Amino acid sequence: MSDIRNKYIPPAISETAFNCPHCGALAKQYWFSSHVEPLKKDATPLILDPEKVGELSLNHIEEADERQKIEKWAIRMSSGLPFMNAERKNIDYELHNISVSRCYNCNDIAIWIYNRLVWPQRGEAPMANPDLPKDVREDYDEASAILDLSPRGAAALLRLGIQKLCKHLKEPGDNINNDIAALVKKGLDLRVQQALDVVRVVGNNAVHPGQIDLKDDRATAEKLFGLVNLITEIMFSQPKHVAELFDGLPELARKAIEKRDGKK
């Protein structure tokens, strides 16, 4: 029997469980239909400025719980990201061919038009490792979204992401050659060293992170997606899993191991 953790089910309108396009987990998905209500005549959609949310006057609301609820709603509105508000129940029109799925694992929503996932935007790149640091995940997702339109742009974003990975590994991130040399001295896993050298050599040796290389093509970008995930798996995911297993040991066993290793 195959390990369900290694199973990948791409997001699809016909599935009730798939790998979430937000968190990457294989999880149950709850589906929602869509409805709309008309605005008053000549009204326009409400757009809140993130910098002015704190200026909202809520003094007229006496109940603290209600005030916090509205403040939370305003912050989410100003983020520009789609979300669901269960408090809005007055609906007038059914909205067909637009569906919403919500992930059981992360509770984030995805938006579909007919049978096509439109939010979050994803290209045909491999699913990102869920342990990717947030700033690298943003570059990865953007690269995935533009892979078909601009493989060169996707490759540039991925090189930038790898530069940031080096910074997360406590290196400057300015020169991948220097970063590799420094990490090797610190005992860098040979597999990661080789992966980083592939990044350095693939395309033009002189290309800098985030810059466009005219020699880059889709195959180059696809290699870089795989390398980002590989580096993340070895340097972030595996240590995290080992730490979780160790922390799950009985306290007496952990203390015995620490005593054996000369730790207080």
# chains A, B, ... in the order shown; residues from 1 in each chain; ligands from 1
$ select_by_dssp --residues "segment 75-262 of chain A" --states "strand (DSSP E or B)" --output "list in words"
Tyr93, Glu94, Leu95, His96, Asn97, Ile98, Ser99, Val100, Ser101, Arg102, Cys103, Ile109, Ala110, Ile111, Trp112, Ile113, Arg116, Leu117, Val118 and Trp119 of chain A
$ closest_atom_pairs --of "segment 100-139 of chain A" --to "segment 11-27 of chain A" --cutoff "10 Å" --atoms "only C-alpha atoms" --output "CSV"
residue,atom,partner,partner_atom,distance
A:Val100,CA,A:Ile13,CA,9.5
A:Ser101,CA,A:Ile13,CA,8.7
A:Arg102,CA,A:Cys20,CA,8.9
A:Cys103,CA,A:Cys20,CA,6.5
A:Tyr104,CA,A:Ala27,CA,6.2
A:Asn105,CA,A:Ala27,CA,6.1
A:Cys106,CA,A:Cys23,CA,6.5
A:Asn107,CA,A:His22,CA,9.4
A:Asp108,CA,A:His22,CA,7.0
A:Ile109,CA,A:His22,CA,8.3
A:Ala110,CA,A:Pro21,CA,7.7
A:Trp112,CA,A:Ile13,CA,7.8
A:Ile113,CA,A:Ile13,CA,9.6
A:Tyr114,CA,A:Ile13,CA,8.3
A:Asn115,CA,A:Ile13,CA,5.5
A:Arg116,CA,A:Ile13,CA,7.5
A:Leu117,CA,A:Ala12,CA,7.8
A:Trp119,CA,A:Pro21,CA,8.7
A:Pro120,CA,A:Pro21,CA,6.8
A:Gln121,CA,A:Pro21,CA,8.5
A:Arg122,CA,A:Pro21,CA,7.6
A:Met127,CA,A:Gly24,CA,6.7
A:Ala128,CA,A:Gly24,CA,7.0
A:Asn129,CA,A:Gly24,CA,7.3
A:Pro130,CA,A:Gly24,CA,5.9
A:Asp131,CA,A:Cys23,CA,9.4
$ write_last_selection --atoms "N, CA and C atoms" --output "PDB file, in the first residue's frame"
ATOM      1  N   VAL A 100     -16.431  27.705  -5.053  1.00  0.00           N
ATOM      2  CA  VAL A 100     -15.386  27.940  -4.049  1.00  0.00           C
ATOM      3  C   VAL A 100     -15.115  26.637  -3.314  1.00  0.00           C
ATOM      4  N   SER A 101     -13.844  26.308  -3.163  1.00  0.00           N
ATOM      5  CA  SER A 101     -13.465  25.162  -2.339  1.00  0.00           C
ATOM      6  C   SER A 101     -12.693  25.678  -1.127  1.00  0.00           C
ATOM      7  N   ARG A 102     -12.900  25.030  -0.002  1.00  0.00           N
ATOM      8  CA  ARG A 102     -12.180  25.411   1.219  1.00  0.00           C
ATOM      9  C   ARG A 102     -11.431  24.199   1.747  1.00  0.00           C
ATOM     10  N   CYS A 103     -10.152  24.392   2.056  1.00  0.00           N
ATOM     11  CA  CYS A 103      -9.283  23.298   2.500  1.00  0.00           C
ATOM     12  C   CYS A 103      -9.493  23.003   3.986  1.00  0.00           C
ATOM     13  N   TYR A 104      -9.680  21.736   4.310  1.00  0.00           N
ATOM     14  CA  TYR A 104      -9.846  21.325   5.706  1.00  0.00           C
ATOM     15  C   TYR A 104      -8.566  21.573   6.500  1.00  0.00           C
ATOM     16  N   ASN A 105      -7.407  21.480   5.856  1.00  0.00           N
ATOM     17  CA  ASN A 105      -6.135  21.597   6.567  1.00  0.00           C
ATOM     18  C   ASN A 105      -5.784  23.037   6.916  1.00  0.00           C
ATOM     19  N   CYS A 106      -5.853  23.955   5.932  1.00  0.00           N
ATOM     20  CA  CYS A 106      -5.413  25.335   6.175  1.00  0.00           C
ATOM     21  C   CYS A 106      -6.566  26.333   6.226  1.00  0.00           C
ATOM     22  N   ASN A 107      -7.775  25.888   5.825  1.00  0.00           N
ATOM     23  CA  ASN A 107      -8.977  26.723   5.858  1.00  0.00           C
ATOM     24  C   ASN A 107      -8.974  27.834   4.816  1.00  0.00           C
ATOM     25  N   ASP A 108      -7.973  27.890   3.937  1.00  0.00           N
ATOM     26  CA  ASP A 108      -7.962  28.883   2.866  1.00  0.00           C
ATOM     27  C   ASP A 108      -8.894  28.435   1.747  1.00  0.00           C
ATOM     28  N   ILE A 109      -9.357  29.403   0.970  1.00  0.00           N
ATOM     29  CA  ILE A 109     -10.287  29.078  -0.104  1.00  0.00           C
ATOM     30  C   ILE A 109      -9.603  29.155  -1.466  1.00  0.00           C
ATOM     31  N   ALA A 110     -10.157  28.417  -2.411  1.00  0.00           N
ATOM     32  CA  ALA A 110      -9.756  28.497  -3.815  1.00  0.00           C
ATOM     33  C   ALA A 110     -10.995  28.850  -4.621  1.00  0.00           C
ATOM     34  N   TRP A 112     -12.955  28.975  -8.389  1.00  0.00           N
ATOM     35  CA  TRP A 112     -13.002  28.275  -9.670  1.00  0.00           C
ATOM     36  C   TRP A 112     -14.020  28.933 -10.584  1.00  0.00           C
ATOM     37  N   ILE A 113     -13.670  29.116 -11.849  1.00  0.00           N
ATOM     38  CA  ILE A 113     -14.616  29.527 -12.879  1.00  0.00           C
ATOM     39  C   ILE A 113     -14.821  28.336 -13.805  1.00  0.00           C
ATOM     40  N   TYR A 114     -16.044  27.868 -13.850  1.00  0.00           N
ATOM     41  CA  TYR A 114     -16.403  26.622 -14.528  1.00  0.00           C
ATOM     42  C   TYR A 114     -15.564  25.494 -13.936  1.00  0.00           C
ATOM     43  N   ASN A 115     -14.593  24.943 -14.679  1.00  0.00           N
ATOM     44  CA  ASN A 115     -13.775  23.872 -14.115  1.00  0.00           C
ATOM     45  C   ASN A 115     -12.313  24.286 -13.965  1.00  0.00           C
ATOM     46  N   ARG A 116     -12.058  25.600 -13.981  1.00  0.00           N
ATOM     47  CA  ARG A 116     -10.675  26.096 -13.979  1.00  0.00           C
ATOM     48  C   ARG A 116     -10.356  26.822 -12.676  1.00  0.00           C
ATOM     49  N   LEU A 117      -9.268  26.452 -12.055  1.00  0.00           N
ATOM     50  CA  LEU A 117      -8.799  27.121 -10.845  1.00  0.00           C
ATOM     51  C   LEU A 117      -8.232  28.490 -11.215  1.00  0.00           C
ATOM     52  N   TRP A 119      -7.933  31.083  -8.564  1.00  0.00           N
ATOM     53  CA  TRP A 119      -7.260  31.597  -7.364  1.00  0.00           C
ATOM     54  C   TRP A 119      -7.025  30.457  -6.387  1.00  0.00           C
ATOM     55  N   PRO A 120      -5.802  30.276  -5.882  1.00  0.00           N
ATOM     56  CA  PRO A 120      -4.603  31.032  -6.261  1.00  0.00           C
ATOM     57  C   PRO A 120      -4.113  30.606  -7.643  1.00  0.00           C
ATOM     58  N   GLN A 121      -3.428  31.516  -8.304  1.00  0.00           N
ATOM     59  CA  GLN A 121      -2.925  31.228  -9.643  1.00  0.00           C
ATOM     60  C   GLN A 121      -1.805  30.206  -9.559  1.00  0.00           C
ATOM     61  N   ARG A 122      -1.910  29.166 -10.362  1.00  0.00           N
ATOM     62  CA  ARG A 122      -0.868  28.138 -10.406  1.00  0.00           C
ATOM     63  C   ARG A 122      -0.626  27.741 -11.849  1.00  0.00           C
ATOM     64  N   MET A 127       4.211  20.943  -7.336  1.00  0.00           N
ATOM     65  CA  MET A 127       3.711  21.537  -6.101  1.00  0.00           C
ATOM     66  C   MET A 127       4.895  21.960  -5.230  1.00  0.00           C
ATOM     67  N   ALA A 128       4.810  23.153  -4.662  1.00  0.00           N
ATOM     68  CA  ALA A 128       5.902  23.654  -3.824  1.00  0.00           C
ATOM     69  C   ALA A 128       5.982  22.856  -2.530  1.00  0.00           C
ATOM     70  N   ASN A 129       7.206  22.633  -2.055  1.00  0.00           N
ATOM     71  CA  ASN A 129       7.405  22.015  -0.753  1.00  0.00           C
ATOM     72  C   ASN A 129       6.749  22.902   0.303  1.00  0.00           C
ATOM     73  N   PRO A 130       5.872  22.355   1.150  1.00  0.00           N
ATOM     74  CA  PRO A 130       5.186  23.197   2.143  1.00  0.00           C
ATOM     75  C   PRO A 130       6.117  23.847   3.160  1.00  0.00           C
ATOM     76  N   ASP A 131       7.369  23.376   3.249  1.00  0.00           N
ATOM     77  CA  ASP A 131       8.328  23.961   4.199  1.00  0.00           C
ATOM     78  C   ASP A 131       9.156  25.080   3.585  1.00  0.00           C
TER      79      ASP A 131
END
$ atom_distance --atom1 "atom CA of Phe225 of chain A" --atom2 "atom CA of Leu245 of chain A"
28.3 Å
$ residues_around --residues "segment 136-138 of chain A" --least-positions-apart "2" --cutoff "10 Å" --atoms "only C-alpha atoms" --output "VMD selection string"
chain A and resid 128 to 134 140 to 144 157 to 158 160 to 165 168 228
$ atom_distance --atom1 "atom CA of Ala74 of chain A" --atom2 "atom CA of Glu51 of chain A"
11.2 Å
$ closest_residue --among "A:Ala145, A:Cys166, A:Leu39, A:Ala154" --to "Leu224 of chain A" --atoms "only C-alpha atoms"
A:Ala154
$ select_by_dssp --residues "segment 85-195 of chain A" --states "helix (DSSP H, G or I)" --output "ChimeraX atom specification"
/A:134-146,151-168,176-185,190-195
$ atom_distance --atom1 "atom CA of Tyr93 of chain A" --atom2 "atom CA of Lys69 of chain A"
26.3 Å
